[in-house]
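S.K.: Quick one: structure below, then a few questions.
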Amino acid sequence: MSQQQVILVTGATSGIGRHAALELATRGHLVFAAGRREPALRSLVEEAARAGGRIEPLVLDVTREDSIVEARAHVLGTTDGRGIDVLVNNAGYGHVGPLESITDDELRGQFDTNVFGLMAMTRAFLPEMRARGRGRIINVGSMGGRVTFPLMGAYHATKYAVEALSDALRNELAPFGIHVSLIEPGAIHTEFGDRAMDVLERYRASRSPYAGVLARAEEVRQQFDRTAAGPEVVTNAIVHASERRRPRARYVVPFSTHFALLAFRLLPTRWMDGLLRMVIGLRWGSLSAPRSAPLLNG
Ligand SMILES: NC(=O)c1ccc[n+]([C@@H]2O[C@H](COP(=O)([O-])OP(=O)(O)OC[C@H]3O[C@@H](n4cnc5c(N)ncnc54)[C@H](OP(=O)(O)O)[C@@H]3O)[C@@H](O)[C@H]2O)c1
């Protein structure tokens with residue numbers, strides 16, 4: 001076991017964040033687990049206690065400044081003003097749908113949580129790390145920050161942004177002794193898919209030009225689910241980036257994600273486009289609805 005650290009994990013009410021928070025707590029770290037759903041935080045605290053770990057619940061919406069100010073005050077109060085050693089920026093969701101149907105508000109919502117929320121949390125918790133001359137920021141990006149799938153353009157755009165921000169932060173903060181790591185997961189079993197399918201529901205109008213594709217979205221989701229890994233592969237990377245003396249700049253997980261990224265790099269774009277359209281079902285025959293139809297909830 002490494003030295004005990006104070007670690008804040010955002011998006012800890014489910015999926016990757018929940019799994020990582022539990023593992024970090026059982027490894028002896030003091031974990032602040034953050035999220036909007038209070039009952040989910042309570043059950044996490046109880047589960048950690050049963051496993052002999054300590055988790056402090058933090059009701060937090062990363063898109064609200066007042067919520068971040070309150071969370072920071074609570075963390076400083078609990079740690080005698082010392083703050084945290086490691087910030088895991090994990091909170092995020094995927095707004096899935098045909099890009100031309102996604103409204104400006106929906107696109108901004110994606111960036112508010114996945115990008116501006118991550119930056120606001122980073123700014124809020126940096127000062128104490130800098131004062132100590134050490135600290136770690138771990139951003140959960142996605143393989144979707146390196147390649148783009150159809151119907152996931154809005155979400156992947158946020159993860160491209162997380163790539164750029166993480167790369168710049170890594171060099172800007174290195175002189176202060178603060179390491180920045182980026183985790184790039186492929187498909188992982190969590191609540192992410194269910195939430196994305198809920199969002200997709202609103203585009204599933206029978207008169208939408210994309211109706212044929214969206215009708216088989218659940219089938220496509222099941223195909224992705226069959227290849228998905230468990231959250232432990234991401235947790236292992238988070239543990240490594242938190243505890244190792246020399247954390248990596250990037251963690252691509254699970255290992256099979258490397259092959260997918262390699263295929264995108266080596267094969268001609270035209271081939272990969274054809275493959276993606278085939279998998280998603282974006283063929284002329286499946287886009288046969290009247291072209292003049294309203295795009296949203298037809
Ligand atoms: N699952 C995958 O296949 C996959 C692949 C690549 C990357 N990722 C990334 O992994 C991260 C975690 O996702 P997951 O797969 O574990 O999905 P998940 O089970 O849906 O968890 C998402 C977490 O984010 C939190 N969250 C969402 N909006 C928030 C907000 N405004 N303020 C605070 N917390 C918020 C949710 O908590 P509350 O709703 O309680 O606030 C929840 O705890 C995300 O950044 C996602 O993009 C996932």
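Residues are referred to by chain and number: the chain letter is A, B, ... according to the order shown in the structure tokens, the number counts from 1 in that chain, and ligands are numbered separately from 1 in the order shown.
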Neighbours of ligand 1 within 6 Å, counting only C-alpha atoms and all ligand atoms, as a PyMOL selection string?

M.R.: chain A and resi 10-17+35-37+60-63+90-93+113+140-142+185-192

S.K.: Give one line per residue of region 54-124 of chain A that approaches region 241-260 of chain A to at most 12 Å, naming the two atoms of the closest pair and their distance in Å to one decimal, counting only C-alpha atoms; sort by chain then ascending residue number and deliver it as a Markdown table.

M.R.:
| residue | atom | partner | partner_atom | distance |
| --- | --- | --- | --- | --- |
| A:Ile84 | CA | A:Ser242 | CA | 11.8 |
| A:Asp85 | CA | A:Ser242 | CA | 8.8 |
| A:Val86 | CA | A:Ser242 | CA | 6.6 |
| A:Leu87 | CA | A:Ser242 | CA | 9.0 |
| A:Val88 | CA | A:Ser242 | CA | 8.9 |

S.K.: What is the distance, in Å and to one decimal place, between CA of Arg18 (chain A) and CA of Ile68 (chain A)?

M.R.: 19.2 Å

S.K.: Region 176-274 of chain A near region 150-160 of chain A within 10 Å: what's each residue's closest atom pair and its distance in Å to one decimal, counting only C-alpha atoms, ordered by chain then ascending residue number, as CSV?

M.R.:
residue,atom,partner,partner_atom,distance
A:Glu184,CA,A:Lys159,CA,9.2
A:Ala196,CA,A:Met152,CA,9.7
A:Leu200,CA,A:Leu151,CA,9.4
A:Val213,CA,A:Leu151,CA,9.8
A:Leu214,CA,A:Leu151,CA,9.4
A:Ala217,CA,A:Leu151,CA,9.9
A:Asp273,CA,A:Pro150,CA,9.1

S.K.: As a ChimeraX atom specification, list the residues of region 190-293 of chain A assigned to helix (DSSP H, G or I) by DSSP on the backbone atoms of this structure.

M.R.: /A:192-203,211-215,217-227,232-243,257-266,269-280,284-287

S.K.: For each of A:Met278, A:Val9, A:Val31, A:Met143, take the minimum atom-to-atom distance to Thr79 (chain A), counting only C-alpha atoms, then give the residue where this is smallest.

M.R.: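 Of all the options, A:Val31 lies closest to Thr79 (chain A).
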
S.K.: Point out the residue among A:Leu8, A:Gly109, A:Ala33, A:Val96 with the least atom-to-atom distance to Arg64 (chain A), counting only C-alpha atoms.

M.R.: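 Closest to Arg64 (chain A) of all the choices is A:Gly109.
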
S.K.: Using only C-alpha atoms, which of A:Leu99, A:Val239, A:Leu287, A:Val234 sits nearest Phe149 (chain A)?

M.R.: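 Going through A:Leu99, A:Val239, A:Leu287, A:Val234 one by one, the smallest distance to Phe149 (chain A) is for A:Leu99.
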
S.K.: Which residues are close to Ala161 (chain A), i.e. within 9 Å by only C-alpha atoms, leaving aside same-chain residues fewer than 5 positions away? Reply as an MDAnalysis selection string.

M.R.: chainID A and resid 111 114:115 145 156 166

S.K.: Rounded to one decimal place, report the CA of Phe125 (chain A)-CA of Leu169 (chain A) distance in Å.

M.R.: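 These two atoms are separated by 13.8 Å.
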
S.K.: Near region 45-56 of chain A, within 6 Å and counting only C-alpha atoms, which residues show up once chain neighbours fewer than 3 positions away are dropped, as a PyMOL selection string?

M.R.: chain A and resi 22+25-26+30-32+42

S.K.: Can you write just those residues out, N, CA, C and O atoms, as a PDB file, in the first residue's frame?

M.R.:
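The result, written out as part_27.pdb:
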ATOM      1  N   LEU A  22     -14.627   3.212  -4.256  1.00  0.00           N
ATOM      2  CA  LEU A  22     -14.612   2.080  -3.308  1.00  0.00           C
ATOM      3  C   LEU A  22     -13.227   1.459  -3.207  1.00  0.00           C
ATOM      4  O   LEU A  22     -12.727   1.202  -2.107  1.00  0.00           O
ATOM      5  N   ALA A  25     -10.801   3.749  -1.407  1.00  0.00           N
ATOM      6  CA  ALA A  25     -11.084   3.795   0.041  1.00  0.00           C
ATOM      7  C   ALA A  25     -10.604   2.521   0.715  1.00  0.00           C
ATOM      8  O   ALA A  25     -10.010   2.573   1.807  1.00  0.00           O
ATOM      9  N   THR A  26     -10.837   1.373   0.079  1.00  0.00           N
ATOM     10  CA  THR A  26     -10.406   0.125   0.721  1.00  0.00           C
ATOM     11  C   THR A  26      -8.875  -0.009   0.705  1.00  0.00           C
ATOM     12  O   THR A  26      -8.310  -0.774   1.494  1.00  0.00           O
ATOM     13  N   LEU A  30      -8.331   8.407   2.055  1.00  0.00           N
ATOM     14  CA  LEU A  30      -9.564   9.107   2.424  1.00  0.00           C
ATOM     15  C   LEU A  30     -10.162   9.632   1.115  1.00  0.00           C
ATOM     16  O   LEU A  30      -9.528  10.432   0.405  1.00  0.00           O
ATOM     17  N   VAL A  31     -11.385   9.152   0.805  1.00  0.00           N
ATOM     18  CA  VAL A  31     -11.989   9.493  -0.489  1.00  0.00           C
ATOM     19  C   VAL A  31     -13.213  10.386  -0.301  1.00  0.00           C
ATOM     20  O   VAL A  31     -14.122  10.058   0.462  1.00  0.00           O
ATOM     21  N   PHE A  32     -13.217  11.524  -0.993  1.00  0.00           N
ATOM     22  CA  PHE A  32     -14.422  12.336  -1.102  1.00  0.00           C
ATOM     23  C   PHE A  32     -15.126  11.888  -2.380  1.00  0.00           C
ATOM     24  O   PHE A  32     -14.577  12.035  -3.479  1.00  0.00           O
ATOM     25  N   ARG A  42     -25.009   7.811  -0.153  1.00  0.00           N
ATOM     26  CA  ARG A  42     -25.162   7.189   1.179  1.00  0.00           C
ATOM     27  C   ARG A  42     -24.848   5.698   1.115  1.00  0.00           C
ATOM     28  O   ARG A  42     -24.131   5.163   1.955  1.00  0.00           O
TER      29      ARG A  42
END

S.K.: Residues of region 10-255 of chain A classed as strand (DSSP E or B) by DSSP on the backbone are to be reported as an MDAnalysis selection string.

M.R.: chainID A and resid 30:35 54:59 86:89 135:140 178:185 188 229 250:253

S.K.: Nearest to Ala237 (chain A) among A:Ala164, A:Ile138, A:Val69, A:Leu126, with distances taken over only C-alpha atoms: which residue is it?

M.R.: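 Using only C-alpha atoms, Ala237 (chain A) sits closest to A:Ile138.
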